[in-house]
Amino acid sequence: MTVEIDISKNMSPEPELMCIFGTGDLGRSLGLRLLQCGYRVLYGSRTPHSCGPLPQGAQVMTHEESARSAKLIFICVHREHYEFLEKMAPQLERKVLVDLSNNLKKDMYMEANAVYLQSVFSRLVPKAAVVKGLNTLSAWALQNGLLAGRQVYLCGNNEEAKRDVAEMATKLGLTVVDKGSLSAAKEVEDFPLQLFPEWRMPLYVAVGLSAFFFLYLLIRDIIYAYVENDEDISYRIMISLANKVSPIMSLIMLALCYLPGAIAGFLQLYRGTKYRRFPNWLDRWMLCRKQMGLLALGFAFLHVIYTLLIPVRYPNRHKVISSVVNEMKNNNTTPFYFDNTKAWGADSLFALGILGFFLFVLLGLTSLPSVGGTLSWREFSFVQSTLGHLTLFLCTAHCYIYAWNKFLRTSTYKWYTPPGSMLCLIVPSVTLVLKLILVLPCVNRPLMRIRQGWERNRPKDEMGELKATNM
Amino acid sequence: MTVEIDISKNMSPEPELMCIFGTGDLGRSLGLRLLQCGYRVLYGSRTPHSCGPLPQGAQVMTHEESARSAKLIFICVHREHYEFLEKMAPQLERKVLVDLSNNLKKDMYMEANAVYLQSVFSRLVPKAAVVKGLNTLSAWALQNGLLAGRQVYLCGNNEEAKRDVAEMATKLGLTVVDKGSLSAAKEVEDFPLQLFPEWRMPLYVAVGLSAFFFLYLLIRDIIYAYVENDEDISYRIMISLANKVSPIMSLIMLALCYLPGAIAGFLQLYRGTKYRRFPNWLDRWMLCRKQMGLLALGFAFLHVIYTLLIPVRYPNRHKVISSVVNEMKNNNTTPFYFDNTKAWGADSLFALGILGFFLFVLLGLTSLPSVGGTLSWREFSFVQSTLGHLTLFLCTAHCYIYAWNKFLRTSTYKWYTPPGSMLCLIVPSVTLVLKLILVLPCVNRPLMRIRQGWERNRPKDEMGELKATNM
Amino acid sequence: MTVEIDISKNMSPEPELMCIFGTGDLGRSLGLRLLQCGYRVLYGSRTPHSCGPLPQGAQVMTHEESARSAKLIFICVHREHYEFLEKMAPQLERKVLVDLSNNLKKDMYMEANAVYLQSVFSRLVPKAAVVKGLNTLSAWALQNGLLAGRQVYLCGNNEEAKRDVAEMATKLGLTVVDKGSLSAAKEVEDFPLQLFPEWRMPLYVAVGLSAFFFLYLLIRDIIYAYVENDEDISYRIMISLANKVSPIMSLIMLALCYLPGAIAGFLQLYRGTKYRRFPNWLDRWMLCRKQMGLLALGFAFLHVIYTLLIPVRYPNRHKVISSVVNEMKNNNTTPFYFDNTKAWGADSLFALGILGFFLFVLLGLTSLPSVGGTLSWREFSFVQSTLGHLTLFLCTAHCYIYAWNKFLRTSTYKWYTPPGSMLCLIVPSVTLVLKLILVLPCVNRPLMRIRQGWERNRPKDEMGELKATNM
């Protein structure tokens, strides 16, 4: 791969020339990066003599001149100004036009910028090829060399043109993902305008459930106390209520993160094959498990800080002081009674909570891209599956201990509603039971065979055998 | 890009040969890495028969012999021993010498090592080209393959030589940044000796402000109590005082991290263009915003732990116990009074603080390179600008609630000085007001136009139009 | 490097063809990635007409046909099905077979899959070359483009074949590590089955020491109280005991992380050279310092949460209330006494602990791959050595303050055993003293010279001089 380079270098020592239309921030940053990677760079500008500072080593000419000598032309110009391209049809023949443009809003135009560009050319220079892509790169990332391993999307109708651009992008240290023909251009143009699309569903679920539990507990705790006992404990909204909602949400979100895996297992067992696609809702659910887990971690973090703050708070200090005062007032002569069982219960509650939170933080750390990327597949599955289910078990046990002596008291069921800690145990308990069934040897063995490619409903013909063959 | 490789391989199946002078740690690690990337490696040594273990597959010869067949020669030898290079002038003709040397201290020599090397050759072999670079790589990183995406700097007077080295470095998985001619060699040589240069300014600001507030509060709290009330509360220095300084510093540093952005906005509005450089102080301030934010997060972290520790501390336990004892001594027969307003105030204080800290930690997480790198531009700006200002708002509100009932009491102004919580509200309040003005539609619209390239003071001639054209 | 590509492209515009045997998950994902990187992909299948969905752009043929036109053939088929390869000997002549197979368990077969494959071919097609590698990649990582900078291992007996595969892997964005001949194939095949091998030793040490200290403290605290005072304080096992074990473990693990560096320094001083390998146990110890430090951070994290939880716990509340009640019962008329020295001691204890934990978290953050990778060598050594030893010093001081007034009391030595806080001070104290000796100028100067390559026991001949020369 190396000696031939010397040979060809003797024949043509010049590195490839790249042409950039547009001398704005993006154009200048892209040129800088191309120069750093060993390309020659030529800017095309309407006013080549007064276009401001350009990267050292780059040249600038008129659009027509600059287009002549390069094969790849980068369009770093707003869509409103594409019309000048129409006039230079002859110079653009056989060229590859890379459209890096982004719009300010989604659906600003009917068709994607690149499709519009291609349609302009299809009338004029049939031989020019438009490739949409690289538009997710910011001028800032280009200038600071923050490209290594970054994914960029390319699409275009001409395979060879795409290949040329992909090659250039690979040299810039980018990872290219081919999105197919120009029909994907709209999707590619919408990427930089996305705002956490994979977080949307988990956030909706989290906000919806939080609102429900907040209202539910507001009615059960504050309004109940006001209506029945005529007590104003509204100050509890700020922290006590929040400290009930956050652990409930944390536990439910964590369970929701492991439930789809169990459902998928049962579905595969029922179908007897892994080669049929999951229903759409399950697919989407599986894809946002990481986000659900991180939201659960966020709620757990809030719960921990809320709990640790309890003794600093005014109401708590008031409670301690007034309980002592009451103790004294009643003139108890026996020493204040220490309940050993209660101490065991309370400390087990805390110990389970701490261990659960500790494992939870570990899970969160391994979901950092730079940490997760260093794990082997078996390590990743150990952490996310084994440790994850252990965390869910510890947190569920933590909640059971908290709720255990409330189940049988009637005073718990204010206005005939169960307490929040009871409601929130449903999903994690179901998830753990399902998982428990799946790891039973009699269930696990056929599931493992299915996951290695075995199919139940298929006669053992050549094709079924081949499926099991492939990795 | 691929088939021609086969063709050339048939002509010359041998991979390119690299020569390394020096068989120390760095030389051996570099050779190992080059071999792993498919190069052949030849060591040049004064004593080729007794130079210790070399990577498997590498050969070793005398300096003269080894230099003959390679084009690139890596100099992994201390500067004190460069003189042997002078003697082998004929062998080094047309070669590229890559100088990887580092010095032990800054300014050990007048001129950079590479400049010295080049000057030696300019007299002797005018055709040899010196390229300075790769010196930021450690033997450890080379051995462990931790190079992916790592930035390395190159400089040199010969563009073709630099290109050859850049190409080799790209194959090693490095990201090359061209620093221009050999005049930058001193800067490049100083890189590995740098100690957090971008942290220096923020650290100076943090240490200076911390010292000021520490002394200010020491005088107001401890010395005031000693002088006026003859009370020794010096034990408060360790935690209570630190827990006053850290939130003050956290809030001020966070505000200082968002203030320059607001100032820049007003400056652009005033100038009516984005094409004029900011004054130097603003530029440097903008560049260390991330560091300021991380320092603010550090102070916030300390504040949270200090606050959570309050009830564990001996003075606090003493206060609780003695307050109960007093309560009893006074023979109060009424139940200890519960102040609902106070409970609301205290709990709001904590709730705002917790939410602010939670968002603060989120901001910190997105500033991790591996997390921030996965965000699209819009996501990054949402997190750093929208969430960031929300965090600043929550933390400022937290501080206002803490200070609200102190403003009007005269006992607050000990020795006529305002309390620290009041002083620290100035910068964040100013920052928030400025930001509020900037997001008003009547101010925001012209600013957006300026940031898209529009210029106020320029007639709408062709050039102004073109500026708006470019991205 | 670029223009010649155009030239060759004119001669042969087709990109290189890659052949994949096996259309399972891995085969399809690999093909997708190869297509994205600009290769053409051809699948070999026993039933080319019914092998399910393949990546767009790939073709599928019979094994025999597909092998004909490609040079590299990827084997993505389970080992049990290798026999079909024997039959197609003629088609595989001069081909490179890349074996990506993994086994389900370690030691499932006597010889490595690749060795078995090679032995099959050595009988049949002597010219085919087997390369083992890429088997650490998961189908999931391939599909999602998470390859940038990822290390893959290659081994094989044919250097040219390995080079071809390495080149292809580099284009996919991978970092290739050559593990030598096929004798390393077993090791390479075992990689994906590894479960945190570098964590094993530190975890054994941590679990062993934790178990020892847990039993030791259980006997000293709980069983002693039960036997001597007939008191049941078993509830303390859950939190109080855990909160004694975790700081002890944290301090010892942190010291164990810095002790081998000090030992290595003394060993180098004693030997007078850095060119002799350390004994095996020291080498292995040095290699798991990072893991030891992270385990120590985990214990410190548990200790912090346990400590912050103290006032929330039932036993603590009981203690506070009953201490007040006792205070009142005794009819003390003097105000409850405030011990200034005790306040200083307790607050210093906490202040040192907080600062130590803060620095500890900083150390942990810089050990994240994405953060540590951005540091220069001097910055990394500053953080890990200077800050690390400072952290160790702060934590040790924290422990000394905790234990200081217990050393001289006889009631401390229950059943003649020293308290845990005393035992755990031994290793950190030794480590700090050793480090202190090493930084004394009279010891540090010769050590620095040795680390720069100077050797004591060698006459100043040419070779010794050369050693000092190399970097």
# chains A, B, ... in the order shown; residues from 1 in each chain; ligands from 1
call {"tool": "select_by_dssp", "arguments": {"residues": "range 133-259 of chain C", "states": "strand (DSSP E or B)", "output": "PyMOL selection string"}}
result
chain C and resi 133+151-156+175-178
call {"tool": "write_last_selection", "arguments": {"atoms": "all heavy atoms", "output": "PDB file, in the first residue's frame"}}
result
ATOM      1  N   GLY C 133      -8.815 -13.335  13.395  1.00  0.00           N
ATOM      2  CA  GLY C 133      -8.933 -11.984  13.918  1.00  0.00           C
ATOM      3  C   GLY C 133     -10.299 -11.383  13.741  1.00  0.00           C
ATOM      4  O   GLY C 133     -11.212 -12.030  13.204  1.00  0.00           O
ATOM      5  N   GLN C 151      -9.607  -1.555  19.161  1.00  0.00           N
ATOM      6  CA  GLN C 151      -8.512  -2.477  18.905  1.00  0.00           C
ATOM      7  C   GLN C 151      -9.036  -3.825  18.449  1.00  0.00           C
ATOM      8  O   GLN C 151      -9.969  -4.362  19.021  1.00  0.00           O
ATOM      9  CB  GLN C 151      -7.704  -2.684  20.179  1.00  0.00           C
ATOM     10  CG  GLN C 151      -6.596  -1.674  20.352  1.00  0.00           C
ATOM     11  CD  GLN C 151      -5.620  -2.111  21.402  1.00  0.00           C
ATOM     12  OE1 GLN C 151      -5.879  -3.018  22.174  1.00  0.00           O
ATOM     13  NE2 GLN C 151      -4.479  -1.462  21.442  1.00  0.00           N
ATOM     14  N   VAL C 152      -8.438  -4.369  17.393  1.00  0.00           N
ATOM     15  CA  VAL C 152      -8.717  -5.752  17.018  1.00  0.00           C
ATOM     16  C   VAL C 152      -7.376  -6.478  16.922  1.00  0.00           C
ATOM     17  O   VAL C 152      -6.343  -5.881  16.653  1.00  0.00           O
ATOM     18  CB  VAL C 152      -9.456  -5.864  15.673  1.00  0.00           C
ATOM     19  CG1 VAL C 152     -10.890  -5.414  15.814  1.00  0.00           C
ATOM     20  CG2 VAL C 152      -8.756  -5.097  14.593  1.00  0.00           C
ATOM     21  N   TYR C 153      -7.416  -7.761  17.162  1.00  0.00           N
ATOM     22  CA  TYR C 153      -6.218  -8.575  17.131  1.00  0.00           C
ATOM     23  C   TYR C 153      -6.195  -9.409  15.865  1.00  0.00           C
ATOM     24  O   TYR C 153      -7.231  -9.873  15.401  1.00  0.00           O
ATOM     25  CB  TYR C 153      -6.187  -9.479  18.360  1.00  0.00           C
ATOM     26  CG  TYR C 153      -6.260  -8.705  19.624  1.00  0.00           C
ATOM     27  CD1 TYR C 153      -7.463  -8.550  20.292  1.00  0.00           C
ATOM     28  CD2 TYR C 153      -5.129  -8.074  20.118  1.00  0.00           C
ATOM     29  CE1 TYR C 153      -7.528  -7.796  21.459  1.00  0.00           C
ATOM     30  CE2 TYR C 153      -5.182  -7.326  21.275  1.00  0.00           C
ATOM     31  CZ  TYR C 153      -6.383  -7.189  21.938  1.00  0.00           C
ATOM     32  OH  TYR C 153      -6.440  -6.442  23.075  1.00  0.00           O
ATOM     33  N   LEU C 154      -5.012  -9.566  15.310  1.00  0.00           N
ATOM     34  CA  LEU C 154      -4.835 -10.425  14.137  1.00  0.00           C
ATOM     35  C   LEU C 154      -3.695 -11.376  14.436  1.00  0.00           C
ATOM     36  O   LEU C 154      -2.723 -11.010  15.082  1.00  0.00           O
ATOM     37  CB  LEU C 154      -4.463  -9.597  12.902  1.00  0.00           C
ATOM     38  CG  LEU C 154      -5.522  -8.718  12.253  1.00  0.00           C
ATOM     39  CD1 LEU C 154      -4.956  -8.155  10.954  1.00  0.00           C
ATOM     40  CD2 LEU C 154      -6.785  -9.501  11.977  1.00  0.00           C
ATOM     41  N   CYS C 155      -3.814 -12.604  13.943  1.00  0.00           N
ATOM     42  CA  CYS C 155      -2.628 -13.443  13.929  1.00  0.00           C
ATOM     43  C   CYS C 155      -2.700 -14.367  12.722  1.00  0.00           C
ATOM     44  O   CYS C 155      -3.782 -14.636  12.189  1.00  0.00           O
ATOM     45  CB  CYS C 155      -2.454 -14.224  15.225  1.00  0.00           C
ATOM     46  SG  CYS C 155      -3.703 -15.449  15.519  1.00  0.00           S
ATOM     47  N   GLY C 156      -1.555 -14.834  12.294  1.00  0.00           N
ATOM     48  CA  GLY C 156      -1.507 -15.683  11.114  1.00  0.00           C
ATOM     49  C   GLY C 156      -0.072 -15.960  10.753  1.00  0.00           C
ATOM     50  O   GLY C 156       0.831 -15.218  11.150  1.00  0.00           O
ATOM     51  N   THR C 175      -8.137  -0.235  14.941  1.00  0.00           N
ATOM     52  CA  THR C 175      -6.723  -0.221  15.252  1.00  0.00           C
ATOM     53  C   THR C 175      -6.266  -1.666  15.367  1.00  0.00           C
ATOM     54  O   THR C 175      -6.777  -2.414  16.185  1.00  0.00           O
ATOM     55  CB  THR C 175      -6.476   0.505  16.578  1.00  0.00           C
ATOM     56  OG1 THR C 175      -6.996   1.822  16.458  1.00  0.00           O
ATOM     57  CG2 THR C 175      -5.011   0.547  16.919  1.00  0.00           C
ATOM     58  N   VAL C 176      -5.312  -2.045  14.533  1.00  0.00           N
ATOM     59  CA  VAL C 176      -4.914  -3.443  14.452  1.00  0.00           C
ATOM     60  C   VAL C 176      -3.726  -3.706  15.360  1.00  0.00           C
ATOM     61  O   VAL C 176      -2.773  -2.941  15.374  1.00  0.00           O
ATOM     62  CB  VAL C 176      -4.564  -3.813  13.000  1.00  0.00           C
ATOM     63  CG1 VAL C 176      -4.022  -5.226  12.934  1.00  0.00           C
ATOM     64  CG2 VAL C 176      -5.780  -3.655  12.120  1.00  0.00           C
ATOM     65  N   VAL C 177      -3.807  -4.771  16.133  1.00  0.00           N
ATOM     66  CA  VAL C 177      -2.676  -5.208  16.936  1.00  0.00           C
ATOM     67  C   VAL C 177      -2.291  -6.605  16.462  1.00  0.00           C
ATOM     68  O   VAL C 177      -3.103  -7.518  16.478  1.00  0.00           O
ATOM     69  CB  VAL C 177      -3.031  -5.238  18.428  1.00  0.00           C
ATOM     70  CG1 VAL C 177      -1.889  -5.813  19.232  1.00  0.00           C
ATOM     71  CG2 VAL C 177      -3.378  -3.858  18.911  1.00  0.00           C
ATOM     72  N   ASP C 178      -1.058  -6.724  16.005  1.00  0.00           N
ATOM     73  CA  ASP C 178      -0.592  -7.998  15.465  1.00  0.00           C
ATOM     74  C   ASP C 178      -0.141  -8.887  16.612  1.00  0.00           C
ATOM     75  O   ASP C 178       0.734  -8.522  17.386  1.00  0.00           O
ATOM     76  CB  ASP C 178       0.577  -7.725  14.504  1.00  0.00           C
ATOM     77  CG  ASP C 178       0.925  -8.956  13.703  1.00  0.00           C
ATOM     78  OD1 ASP C 178       0.660 -10.071  14.176  1.00  0.00           O
ATOM     79  OD2 ASP C 178       1.463  -8.803  12.601  1.00  0.00           O
TER      80      ASP C 178
END
call {"tool": "interface_residues", "arguments": {"of": "chain C", "to": "chain A", "cutoff": "6 Å", "atoms": "only C-alpha atoms", "output": "list of chain:residue names"}}
result
C:Thr2, C:Val3, C:Glu4, C:Gly22, C:Thr23, C:Gly24, C:Leu26, C:Gln36, C:Gly38, C:Cys76, C:Val77, C:His78, C:Ala148, C:Pro192, C:Leu195, C:Tyr235, C:Met238, C:Ile321, C:Ser322, C:Pro369, C:Ser370
call {"tool": "residues_around", "arguments": {"residues": "Ala397 in chain C", "least_positions_apart": "2", "cutoff": "10 Å", "atoms": "only C-alpha atoms", "output": "PyMOL selection string"}}
result
chain C and resi 348-349+352-353+356+391-395+399-404+425+428-429
call {"tool": "closest_residue", "arguments": {"among": "C:Leu182, C:Met110, C:Leu42, C:Cys288", "to": "Val205 in chain C", "atoms": "only C-alpha atoms"}}
result
C:Cys288
call {"tool": "residues_around", "arguments": {"residues": "Glu187 in chain B", "least_positions_apart": "4", "cutoff": "9 Å", "atoms": "only C-alpha atoms", "output": "PyMOL selection string"}}
result
chain B and resi 112+183+191
call {"tool": "residues_around", "arguments": {"residues": "range 253-266 of chain C", "least_positions_apart": "2", "cutoff": "7 Å", "atoms": "only C-alpha atoms", "output": "list in words"}}
result
Met249, Ser250, Leu251, Gln268, Leu269, Tyr270, Leu282, Trp285, Met286, Arg289, Met292, Gly293, Ala296, Leu392, Val427, Pro428, Thr431, Leu434 and Lys435 of chain C
call {"tool": "residues_around", "arguments": {"residues": "range 89-103 of chain C", "least_positions_apart": "4", "cutoff": "8 Å", "atoms": "only C-alpha atoms", "output": "PyMOL selection string"}}
result
(chain A and resi 471) or (chain C and resi 64+67-68+70-79+85+108+113-114+121+124-135+161+165+189-190+192)
call {"tool": "select_by_dssp", "arguments": {"residues": "range 261-319 of chain B", "states": "helix (DSSP H, G or I)", "output": "PyMOL selection string"}}
result
chain B and resi 261-271+280-287+289-312+314-319
call {"tool": "residues_around", "arguments": {"residues": "Pro53 in chain A", "least_positions_apart": "5", "cutoff": "12 Å", "atoms": "only C-alpha atoms", "output": "number ranges by chain"}}
result
A: 23-25, 27-29, 31-32, 43, 48, 58-60; B: 275-277
call {"tool": "write_last_selection", "arguments": {"atoms": "all heavy atoms", "output": "compact mmCIF listing (two decimals), in the first residue's frame"}}
result
# COMPACT_ATOMS: atom_id res chain seq x y z
N THR A 23 -17.22 31.12 1.30
CA THR A 23 -16.10 31.41 2.19
C THR A 23 -16.59 31.80 3.59
O THR A 23 -15.95 32.59 4.27
CB THR A 23 -15.24 32.55 1.59
OG1 THR A 23 -16.11 33.65 1.35
CG2 THR A 23 -14.59 32.13 0.32
N GLY A 24 -17.73 31.28 3.98
CA GLY A 24 -18.24 31.54 5.33
C GLY A 24 -17.51 30.69 6.36
O GLY A 24 -16.48 30.08 6.07
N ASP A 25 -18.05 30.65 7.56
CA ASP A 25 -17.43 29.90 8.65
C ASP A 25 -17.22 28.44 8.27
O ASP A 25 -16.13 27.89 8.44
CB ASP A 25 -18.34 29.93 9.90
CG ASP A 25 -18.16 31.21 10.68
OD1 ASP A 25 -17.25 31.98 10.34
OD2 ASP A 25 -18.95 31.43 11.60
N GLY A 27 -17.23 26.98 5.27
CA GLY A 27 -16.31 26.80 4.16
C GLY A 27 -14.87 26.93 4.61
O GLY A 27 -14.02 26.12 4.25
N ARG A 28 -14.61 27.94 5.44
CA ARG A 28 -13.24 28.15 5.89
C ARG A 28 -12.76 27.01 6.78
O ARG A 28 -11.64 26.53 6.66
CB ARG A 28 -13.13 29.48 6.63
CG ARG A 28 -12.84 30.63 5.66
CD ARG A 28 -12.72 31.94 6.38
NE ARG A 28 -14.03 32.44 6.77
CZ ARG A 28 -14.31 32.97 7.95
NH1 ARG A 28 -13.37 33.08 8.86
NH2 ARG A 28 -15.53 33.39 8.21
N SER A 29 -13.62 26.54 7.67
CA SER A 29 -13.23 25.45 8.58
C SER A 29 -12.98 24.16 7.81
O SER A 29 -12.03 23.43 8.07
CB SER A 29 -14.31 25.22 9.62
OG SER A 29 -14.66 26.42 10.23
N GLY A 31 -12.09 23.92 4.69
CA GLY A 31 -10.86 24.08 3.93
C GLY A 31 -9.63 23.84 4.80
O GLY A 31 -8.69 23.16 4.42
N LEU A 32 -9.67 24.41 6.00
CA LEU A 32 -8.58 24.23 6.94
C LEU A 32 -8.32 22.75 7.20
O LEU A 32 -7.19 22.26 7.15
CB LEU A 32 -8.94 24.92 8.26
CG LEU A 32 -7.93 24.82 9.40
CD1 LEU A 32 -6.72 25.68 9.10
CD2 LEU A 32 -8.54 25.23 10.72
N TYR A 43 -10.79 27.93 -3.21
CA TYR A 43 -12.11 28.48 -2.92
C TYR A 43 -12.70 29.10 -4.18
O TYR A 43 -11.98 29.73 -4.95
CB TYR A 43 -12.03 29.54 -1.83
CG TYR A 43 -11.92 28.94 -0.46
CD1 TYR A 43 -10.68 28.77 0.14
CD2 TYR A 43 -13.04 28.53 0.23
CE1 TYR A 43 -10.57 28.20 1.39
CE2 TYR A 43 -12.95 27.97 1.49
CZ TYR A 43 -11.71 27.80 2.06
OH TYR A 43 -11.61 27.24 3.29
N PRO A 48 -13.50 37.13 -5.59
CA PRO A 48 -12.30 36.46 -5.07
C PRO A 48 -11.30 37.40 -4.44
O PRO A 48 -10.44 36.95 -3.68
CB PRO A 48 -11.71 35.76 -6.30
CG PRO A 48 -12.42 36.30 -7.48
CD PRO A 48 -13.70 36.90 -7.02
N ALA A 58 -4.55 28.01 1.11
CA ALA A 58 -5.65 27.89 0.18
C ALA A 58 -5.59 29.02 -0.84
O ALA A 58 -5.10 30.09 -0.56
CB ALA A 58 -6.98 27.94 0.93
N GLN A 59 -6.11 28.72 -2.04
CA GLN A 59 -6.19 29.76 -3.06
C GLN A 59 -7.65 30.14 -3.26
O GLN A 59 -8.56 29.39 -2.90
CB GLN A 59 -5.63 29.22 -4.37
CG GLN A 59 -4.11 29.19 -4.42
CD GLN A 59 -3.64 28.69 -5.76
OE1 GLN A 59 -3.73 27.50 -6.03
NE2 GLN A 59 -3.19 29.60 -6.61
N VAL A 60 -7.88 31.27 -3.89
CA VAL A 60 -9.26 31.66 -4.16
C VAL A 60 -9.37 32.17 -5.59
O VAL A 60 -8.47 32.85 -6.09
CB VAL A 60 -9.74 32.71 -3.12
CG1 VAL A 60 -8.88 33.95 -3.13
CG2 VAL A 60 -11.19 33.04 -3.32
N TYR B 275 -18.18 40.05 11.87
CA TYR B 275 -16.91 39.80 11.20
C TYR B 275 -15.74 40.54 11.82
O TYR B 275 -14.63 40.46 11.31
CB TYR B 275 -17.01 40.12 9.71
CG TYR B 275 -17.92 39.14 9.02
CD1 TYR B 275 -19.21 39.48 8.66
CD2 TYR B 275 -17.50 37.83 8.80
CE1 TYR B 275 -20.05 38.57 8.07
CE2 TYR B 275 -18.33 36.91 8.21
CZ TYR B 275 -19.60 37.28 7.84
OH TYR B 275 -20.42 36.36 7.28
N ARG B 276 -15.99 41.33 12.88
CA ARG B 276 -14.85 41.94 13.56
C ARG B 276 -14.50 41.13 14.78
O ARG B 276 -15.38 40.68 15.51
CB ARG B 276 -15.17 43.39 13.92
CG ARG B 276 -14.77 44.36 12.80
CD ARG B 276 -15.28 45.73 13.07
NE ARG B 276 -14.74 46.26 14.31
CZ ARG B 276 -15.31 47.29 14.96
NH1 ARG B 276 -16.41 47.85 14.49
NH2 ARG B 276 -14.78 47.74 16.07
N ARG B 277 -13.23 40.93 14.97
CA ARG B 277 -12.78 40.12 16.11
C ARG B 277 -13.17 40.78 17.43
O ARG B 277 -13.18 42.00 17.56
CB ARG B 277 -11.26 39.98 16.08
CG ARG B 277 -10.77 38.89 15.18
CD ARG B 277 -9.25 38.84 15.22
NE ARG B 277 -8.79 38.52 16.57
CZ ARG B 277 -8.64 37.28 17.02
NH1 ARG B 277 -8.89 36.27 16.23
NH2 ARG B 277 -8.22 37.05 18.24
